[in-house]
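Colleague: For reference, this is my_file_3.csv, and it has CSV, C-alpha atoms.
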chain,number,residue,atom,x,y,z
J,1067,MET,CA,-16.1,-5.8,-15.8
J,1068,ASN,CA,-18.3,-8.9,-15.8
J,1069,ALA,CA,-19.8,-10.1,-12.5
J,1070,ARG,CA,-22.2,-12.6,-11.2
J,1071,LEU,CA,-23.8,-12.2,-7.8
J,1072,PRO,CA,-22.3,-14.6,-5.2
J,1073,ASP,CA,-25.7,-16.3,-4.7
J,1074,ALA,CA,-25.9,-17.2,-8.4
J,1075,PRO,CA,-25.6,-20.9,-9.3
J,1076,GLU,CA,-22.1,-20.6,-10.7
J,1077,PRO,CA,-19.2,-19.1,-8.8
J,1078,ALA,CA,-18.9,-15.4,-9.2
J,1079,ILE,CA,-16.1,-14.3,-11.5
J,1080,VAL,CA,-14.9,-10.7,-11.8
J,1081,GLU,CA,-12.3,-9.5,-14.3
J,1082,LEU,CA,-10.8,-6.1,-14.4
J,1083,ARG,CA,-8.1,-4.8,-16.8
J,1084,ILE,CA,-6.3,-1.6,-16.2
J,1085,PRO,CA,-3.2,0.1,-17.8
J,1086,ALA,CA,0.0,-0.9,-15.9
J,1087,ARG,CA,0.5,2.6,-14.7
J,1088,ALA,CA,0.6,4.0,-11.1
J,1089,GLU,CA,-2.4,6.3,-11.6
J,1090,TRP,CA,-4.7,3.3,-12.2
J,1091,VAL,CA,-4.0,1.4,-8.9
J,1092,ALA,CA,-6.5,3.4,-7.0
J,1093,VAL,CA,-9.2,2.3,-9.5
J,1094,ALA,CA,-8.2,-1.4,-8.9
J,1095,ARG,CA,-8.4,-0.7,-5.1
J,1096,LEU,CA,-11.9,0.7,-5.4
J,1097,ALA,CA,-13.1,-2.1,-7.6
J,1098,ILE,CA,-11.7,-4.9,-5.4
J,1099,ALA,CA,-13.4,-3.3,-2.4
J,1100,GLY,CA,-16.7,-3.5,-4.3
J,1101,VAL,CA,-16.0,-7.2,-5.1
J,1102,ALA,CA,-15.0,-8.1,-1.6
J,1103,SER,CA,-18.1,-6.4,-0.1
J,1104,ARG,CA,-20.3,-8.8,-2.1
J,1105,PHE,CA,-18.9,-11.6,0.1
J,1106,ASP,CA,-19.0,-12.2,3.8
J,1107,PHE,CA,-15.9,-10.2,4.6
J,1108,SER,CA,-15.6,-7.8,7.6
J,1109,VAL,CA,-14.7,-4.2,7.0
J,1110,GLU,CA,-11.1,-5.0,8.2
J,1111,ASP,CA,-10.8,-7.9,5.8
J,1112,ILE,CA,-12.0,-5.7,2.9
J,1113,GLU,CA,-9.3,-3.1,3.8
J,1114,ASP,CA,-6.7,-6.0,3.9
J,1115,ILE,CA,-7.8,-7.2,0.5
J,1116,LYS,CA,-7.6,-3.7,-1.0
J,1117,LEU,CA,-4.1,-3.2,0.3
J,1118,ALA,CA,-3.0,-6.7,-0.9
J,1119,ILE,CA,-4.3,-6.1,-4.4
J,1120,SER,CA,-2.8,-2.7,-4.5
J,1121,GLU,CA,0.6,-4.1,-3.5
J,1122,ALA,CA,0.3,-6.8,-6.2
J,1123,CYS,CA,-0.5,-4.1,-8.8
J,1124,THR,CA,2.5,-2.1,-7.7
J,1125,ILE,CA,4.8,-5.2,-8.1
J,1126,CYS,CA,3.4,-5.7,-11.6
J,1127,ILE,CA,3.9,-2.0,-12.5
J,1128,ARG,CA,7.6,-2.2,-11.4
J,1129,ARG,CA,8.1,-5.0,-13.9
J,1130,ALA,CA,5.9,-3.6,-16.6
J,1131,GLN,CA,6.8,-2.3,-20.0
J,1132,GLU,CA,5.2,0.5,-22.0
J,1133,GLY,CA,1.7,-0.5,-23.1
J,1134,ASP,CA,1.3,-3.4,-20.6
J,1135,GLN,CA,-1.9,-3.9,-18.9
J,1136,ILE,CA,-2.7,-5.5,-15.5
J,1137,GLU,CA,-5.4,-8.1,-15.4
J,1138,ILE,CA,-7.1,-8.7,-12.1
J,1139,LEU,CA,-9.2,-11.9,-11.9
J,1140,CYS,CA,-11.4,-12.6,-8.8
J,1141,ARG,CA,-13.4,-15.8,-8.2
J,1142,GLU,CA,-14.9,-17.6,-5.3
J,1143,ASP,CA,-13.7,-21.2,-4.7
J,1144,VAL,CA,-14.5,-23.4,-1.7
J,1145,GLY,CA,-15.1,-20.7,0.8
J,1146,HIS,CA,-12.2,-18.6,-0.4
J,1147,LEU,CA,-11.8,-15.5,-2.6
J,1148,LEU,CA,-9.1,-16.2,-5.1
J,1149,VAL,CA,-7.4,-13.2,-6.8
J,1150,SER,CA,-4.8,-13.2,-9.4
J,1151,VAL,CA,-3.0,-10.0,-10.6
J,1152,SER,CA,-0.9,-10.4,-13.7
J,1153,SER,CA,0.8,-8.3,-16.4
J,1154,GLY,CA,3.1,-8.8,-19.3
J,1155,VAL,CA,3.6,-11.8,-21.6
J,1156,ALA,CA,5.0,-15.1,-20.4
J,1157,GLY,CA,8.7,-15.7,-21.0
J,1158,ARG,CA,9.6,-12.1,-20.8
J,1159,LEU,CA,12.4,-11.5,-18.3
J,1160,ALA,CA,10.9,-9.6,-15.3
J,1161,VAL,CA,13.5,-8.2,-13.0
J,1162,ALA,CA,12.6,-8.3,-9.3
J,1163,HIS,CA,12.6,-4.8,-7.7
J,1164,PRO,CA,14.3,-4.3,-4.3
J,1165,ASP,CA,11.1,-2.8,-2.9
J,1166,ASP,CA,9.1,-6.0,-3.8
J,1167,SER,CA,10.1,-7.6,-0.5
J,1168,LEU,CA,8.3,-5.1,1.7
J,1169,ALA,CA,5.2,-5.3,-0.6
J,1170,LEU,CA,5.3,-9.1,-0.3
J,1171,VAL,CA,5.7,-9.1,3.5
J,1172,ILE,CA,2.5,-7.0,3.6
J,1173,VAL,CA,0.6,-9.2,1.2
J,1174,GLU,CA,1.7,-12.4,3.0
J,1175,SER,CA,0.5,-11.0,6.3
J,1176,LEU,CA,-2.9,-9.9,5.0
J,1177,MET,CA,-3.8,-12.8,2.8
J,1178,ASP,CA,-4.0,-16.5,3.6
J,1179,ARG,CA,-1.9,-17.7,0.6
J,1180,VAL,CA,0.3,-15.8,-1.8
J,1181,GLU,CA,2.4,-16.9,-4.7
J,1182,LEU,CA,4.6,-14.8,-7.0
J,1183,ARG,CA,5.0,-16.6,-10.3
J,1184,SER,CA,6.0,-15.9,-13.8
J,1185,GLU,CA,5.0,-19.0,-15.9
J,1186,SER,CA,1.9,-17.6,-17.6
J,1187,ALA,CA,2.7,-13.9,-17.4
J,1188,ALA,CA,5.8,-11.7,-16.9
J,1189,CYS,CA,4.5,-11.1,-13.4
J,1190,LEU,CA,1.7,-13.0,-11.7
J,1191,VAL,CA,0.7,-12.7,-8.1
J,1192,GLU,CA,-1.9,-15.2,-6.9
J,1193,MET,CA,-3.5,-15.0,-3.5
J,1194,SER,CA,-6.5,-16.1,-1.6
J,1195,LYS,CA,-8.4,-15.1,1.5
J,1196,ARG,CA,-10.9,-17.2,3.4
J,1197,ILE,CA,-14.4,-15.9,3.4
J,1198,ALA,CA,-15.9,-15.7,6.9
J,1199,GLY,CA,-18.2,-18.7,7.2
J,1200,GLY,CA,-16.5,-20.4,4.3
J,1201,SER,CA,-15.0,-23.9,4.6
B,530,MET,CA,-7.3,9.9,-5.4
B,531,ASP,CA,-4.6,12.3,-4.4
B,532,ILE,CA,-2.4,13.4,-1.5
B,533,LYS,CA,-2.3,16.8,0.0
B,534,VAL,CA,0.9,17.8,1.6
B,535,GLN,CA,1.1,20.7,4.1
B,536,VAL,CA,4.4,21.7,5.8
B,537,HIS,CA,4.7,24.0,8.8
B,538,GLU,CA,7.4,24.9,11.3
B,539,SER,CA,6.4,23.8,14.8
B,540,GLY,CA,8.4,26.5,16.6
B,541,ASP,CA,10.7,24.2,18.4
B,542,GLU,CA,13.2,23.3,15.6
B,543,ALA,CA,10.9,20.6,14.2
B,544,TYR,CA,9.0,20.7,11.0
B,545,VAL,CA,5.6,19.1,10.6
B,546,VAL,CA,4.5,17.4,7.4
B,547,GLU,CA,0.8,17.0,7.4
B,548,LEU,CA,-0.6,14.5,4.9
B,549,THR,CA,-4.2,14.1,3.8
B,550,GLY,CA,-5.4,11.4,1.4
B,551,GLU,CA,-4.0,8.2,0.2
B,552,ILE,CA,-0.3,7.3,-0.2
B,553,ASP,CA,0.4,4.8,-2.9
B,554,VAL,CA,2.6,4.2,-5.9
B,555,TYR,CA,1.1,7.2,-7.7
B,556,THR,CA,1.1,9.7,-4.8
B,557,SER,CA,4.2,8.7,-2.8
B,558,PRO,CA,6.6,10.7,-5.1
B,559,LYS,CA,4.9,13.9,-4.0
B,560,VAL,CA,5.4,13.0,-0.3
B,561,LYS,CA,9.1,12.0,-1.1
B,562,ASP,CA,9.7,15.4,-2.7
B,563,ALA,CA,8.2,17.3,0.2
B,564,ILE,CA,10.3,15.4,2.8
B,565,GLY,CA,13.4,15.6,0.6
B,566,GLU,CA,13.0,19.4,0.2
B,567,LEU,CA,12.9,19.9,4.0
B,568,ILE,CA,16.0,17.8,4.5
B,569,ASP,CA,17.8,19.7,1.7
B,570,GLN,CA,16.9,22.9,3.6
B,571,GLY,CA,18.7,21.5,6.7
B,572,HIS,CA,15.6,20.4,8.7
B,573,TYR,CA,16.4,17.0,10.3
B,574,ASN,CA,13.7,16.7,13.0
B,575,LEU,CA,10.5,15.9,11.3
B,576,VAL,CA,7.0,15.1,12.5
B,577,ILE,CA,5.0,13.4,9.8
B,578,ASN,CA,1.3,13.6,10.6
B,579,LEU,CA,-0.7,10.7,9.2
B,580,GLU,CA,-3.9,11.4,11.0
B,581,LYS,CA,-5.7,12.3,7.8
B,582,VAL,CA,-4.2,9.6,5.7
B,583,ARG,CA,-6.8,7.0,4.8
B,584,TYR,CA,-4.5,4.6,3.1
B,585,ILE,CA,-0.7,3.8,2.9
B,586,ASP,CA,1.1,1.0,1.1
B,587,SER,CA,4.7,-0.2,0.8
B,588,THR,CA,5.7,2.6,-1.5
B,589,GLY,CA,4.5,5.1,1.2
B,590,LEU,CA,6.4,3.2,3.9
B,591,GLY,CA,9.5,3.2,1.6
B,592,VAL,CA,9.3,7.0,1.4
B,593,LEU,CA,9.1,7.3,5.2
B,594,ILE,CA,12.0,4.9,5.7
B,595,GLY,CA,14.1,6.8,3.1
B,596,GLY,CA,13.4,10.0,5.0
B,597,LEU,CA,14.3,8.5,8.3
B,598,LYS,CA,17.6,7.2,6.9
B,599,ARG,CA,18.5,10.6,5.5
B,600,VAL,CA,17.8,12.6,8.7
B,601,ARG,CA,19.6,10.1,10.8
B,602,GLU,CA,22.8,10.8,8.9
B,603,TYR,CA,22.5,14.3,10.4
B,604,GLY,CA,21.5,13.3,13.9
B,605,GLY,CA,17.8,13.9,13.3
B,606,THR,CA,14.8,11.7,13.4
B,607,VAL,CA,11.3,11.3,12.1
B,608,HIS,CA,8.3,11.0,14.5
B,609,LEU,CA,5.0,9.8,13.1
B,610,VAL,CA,1.5,10.8,14.3
B,611,CYS,CA,-0.9,8.0,13.6
B,612,THR,CA,-4.3,7.0,15.1
B,613,ASN,CA,-5.9,5.0,12.3
B,614,PRO,CA,-5.8,1.3,13.4
B,615,GLN,CA,-5.6,0.1,9.8
B,616,ILE,CA,-2.5,2.1,9.2
B,617,LYS,CA,-1.0,1.2,12.5
B,618,LYS,CA,-1.5,-2.4,11.6
B,619,ILE,CA,0.8,-1.9,8.5
B,620,PHE,CA,3.5,-0.5,10.7
B,621,ASP,CA,3.1,-3.5,13.0
B,622,ILE,CA,3.2,-6.3,10.4
B,623,THR,CA,6.3,-4.7,8.7
B,624,GLY,CA,8.1,-4.3,12.0
B,625,LEU,CA,8.4,-0.5,11.4
B,626,VAL,CA,6.9,0.2,14.8
B,627,LYS,CA,10.4,-0.6,16.1
B,628,ILE,CA,12.2,2.0,14.1
B,629,PHE,CA,9.7,4.9,14.1
B,630,GLY,CA,8.4,6.8,17.1
B,631,ILE,CA,4.6,6.6,16.6
B,632,TYR,CA,2.5,9.1,18.6
B,633,GLU,CA,-1.2,9.7,19.2
B,634,ASP,CA,-1.1,13.4,18.5
B,635,GLU,CA,1.2,16.1,17.1
B,636,GLU,CA,2.0,17.7,20.5
B,637,SER,CA,3.3,14.3,21.9
B,638,ALA,CA,5.4,13.8,18.7
B,639,LYS,CA,7.0,17.3,19.0
B,640,LYS,CA,7.6,16.9,22.7
B,641,ALA,CA,9.5,13.7,22.1
B,642,PHE,CA,12.3,15.6,20.4
B,643,ALA,CA,13.1,17.4,23.7
Just give me the structure of the file as structure tokens.
Modeller:
Amino acid sequence: MNARLPDAPEPAIVELRIPARAEWVAVARLAIAGVASRFDFSVEDIEDIKLAISEACTICIRRAQEGDQIEILCREDVGHLLVSVSSGVAGRLAVAHPDDSLALVIVESLMDRVELRSESAACLVEMSKRIAGGS
Amino acid sequence: MDIKVQVHESGDEAYVVELTGEIDVYTSPKVKDAIGELIDQGHYNLVINLEKVRYIDSTGLGVLIGGLKRVREYGGTVHLVCTNPQIKKIFDITGLVKIFGIYEDEESAKKAFA
């Protein structure tokens, strides 16, 4: 994990890579809570972000193949925390899972913006949340 | 991170499933097995106590929905005990507050079967 403090001159960027397996999702949750706590988020916001990232990891795991990894990338941009959660190589057919819809309802409710894409990875969930006091 | 599942009979034809920990994609199969086992044994009125659950995601909700669907086939139902505002919020945003009876304590949840 590489991180810069949010008060550093350049925007903070945090990357985390975990195996695309269920037992690693809790690790992602803990890590993202640590990242979110470096910004001006309330405790409730941090819980929301943890759940949203966890749901995104679950969506990726449902579409993952043996040996896949999940890459979580967090960065600050114009008063928002941007998070992308991706797994698998681009172009590989990723079949949507019926349970994804409930996961997406939750992510859409908790984050300000969410997109589920598949151009640059087999599964890519991009989302953002406004940082309190941000523009 | 793990989930602890404790099951006990409440004495009034309902069974209580008390969960402690976090329910996510890794731990939810354990919860599903515990609920499924009770239903297989013929217990269709269940109280699922989430008071000691710190976290639940869509996979956990899916297990609860699946359990509710199964017991309803036999005329039973599932009542939840939940006081954690963060967890209640998940039931709110998914609309599941409308399909589950959600109670503040185990006694109220059990009485609601009467």
Colleague: Show me which bits of chain B are within 6 Å of chain J, counting all atoms listed in the file, as a PDB file with C-alpha atoms, in the coordinates of the input.
Modeller:
ATOM      1  CA  VAL B 554       2.600   4.200  -5.900  1.00  0.00           C
ATOM      2  CA  TYR B 555       1.100   7.200  -7.700  1.00  0.00           C
ATOM      3  CA  SER B 587       4.700  -0.200   0.800  1.00  0.00           C
TER       4      SER B 587
END
Colleague: Would you work out the distance separating atom CA of Gly540 of chain B from atom CA of Ile577 of chain B, expressed in Å to one decimal?
Modeller: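 Atom CA of Ile577 of chain B lies 15.1 Å from atom CA of Gly540 of chain B.
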Colleague: I'd like to know which of B:Lys598, B:Glu551, B:Leu590, B:Ser539 is closest to Gly624 of chain B, using all atoms listed in the file.
Modeller: B:Leu590
Colleague: With all atoms listed in the file as the counted atoms, please give the residues lying no more than 8 Å from segment 560-570 of chain B, apart from itself and same-chain residues fewer than 4 positions off, as a list in words.
Modeller: Ile532, Val534, Val546, Thr556, Val592, Leu593, Gly596, Arg599 and Val600 of chain B
Colleague: For the selection you just gave me, I'd like the residues written to a file as a short mmCIF file (atom, residue, chain, number, x, y, z; two decimals), in the frame of the given file, keeping C-alpha atoms.
Modeller:
data_model
loop_
_atom_site.label_atom_id
_atom_site.label_comp_id
_atom_site.auth_asym_id
_atom_site.auth_seq_id
_atom_site.Cartn_x
_atom_site.Cartn_y
_atom_site.Cartn_z
CA ILE B 532 -2.40 13.40 -1.50
CA VAL B 534 0.90 17.80 1.60
CA VAL B 546 4.50 17.40 7.40
CA THR B 556 1.10 9.70 -4.80
CA VAL B 592 9.30 7.00 1.40
CA LEU B 593 9.10 7.30 5.20
CA GLY B 596 13.40 10.00 5.00
CA ARG B 599 18.50 10.60 5.50
CA VAL B 600 17.80 12.60 8.70
#
Colleague: To one decimal place in Å, what is the distance between atom CA of Ser1153 of chain J and atom CA of Glu1181 of chain J?
Modeller: 14.6 Å
Colleague: Using only C-alpha atoms and a cutoff of 6 Å, can you tell me which residues are near (-4.0, -2.8, -19.4) in the file's coordinates, and write them out as a PyMOL selection string?
Modeller: chain J and resi 1083-1086+1134-1136
Colleague: Considering all atoms listed in the file, return as a list in words whatever protein or nucleic-acid residues lie within 6 Å of segment 1101-1106 of chain J, sequence-local ones (same chain, fewer than 4 positions apart) excluded.
Modeller: Ile1112, Ile1197 and Ala1198 of chain J
Colleague: Keeping C-alpha atoms for every residue in the selection just given, could you write it to a file as a CSV table (one decimal), in the frame of the given file?
Modeller:
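This went into selection_4.csv:
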chain,number,residue,atom,x,y,z
J,1112,ILE,CA,-12.0,-5.7,2.9
J,1197,ILE,CA,-14.4,-15.9,3.4
J,1198,ALA,CA,-15.9,-15.7,6.9
Colleague: Between B:Ile585, B:Val536, B:Leu597, B:Ala643, which one has atoms that come closest to Asn613 of chain B, using only C-alpha atoms?
Modeller: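 The answer is B:Ile585, which sits nearest to Asn613 of chain B.
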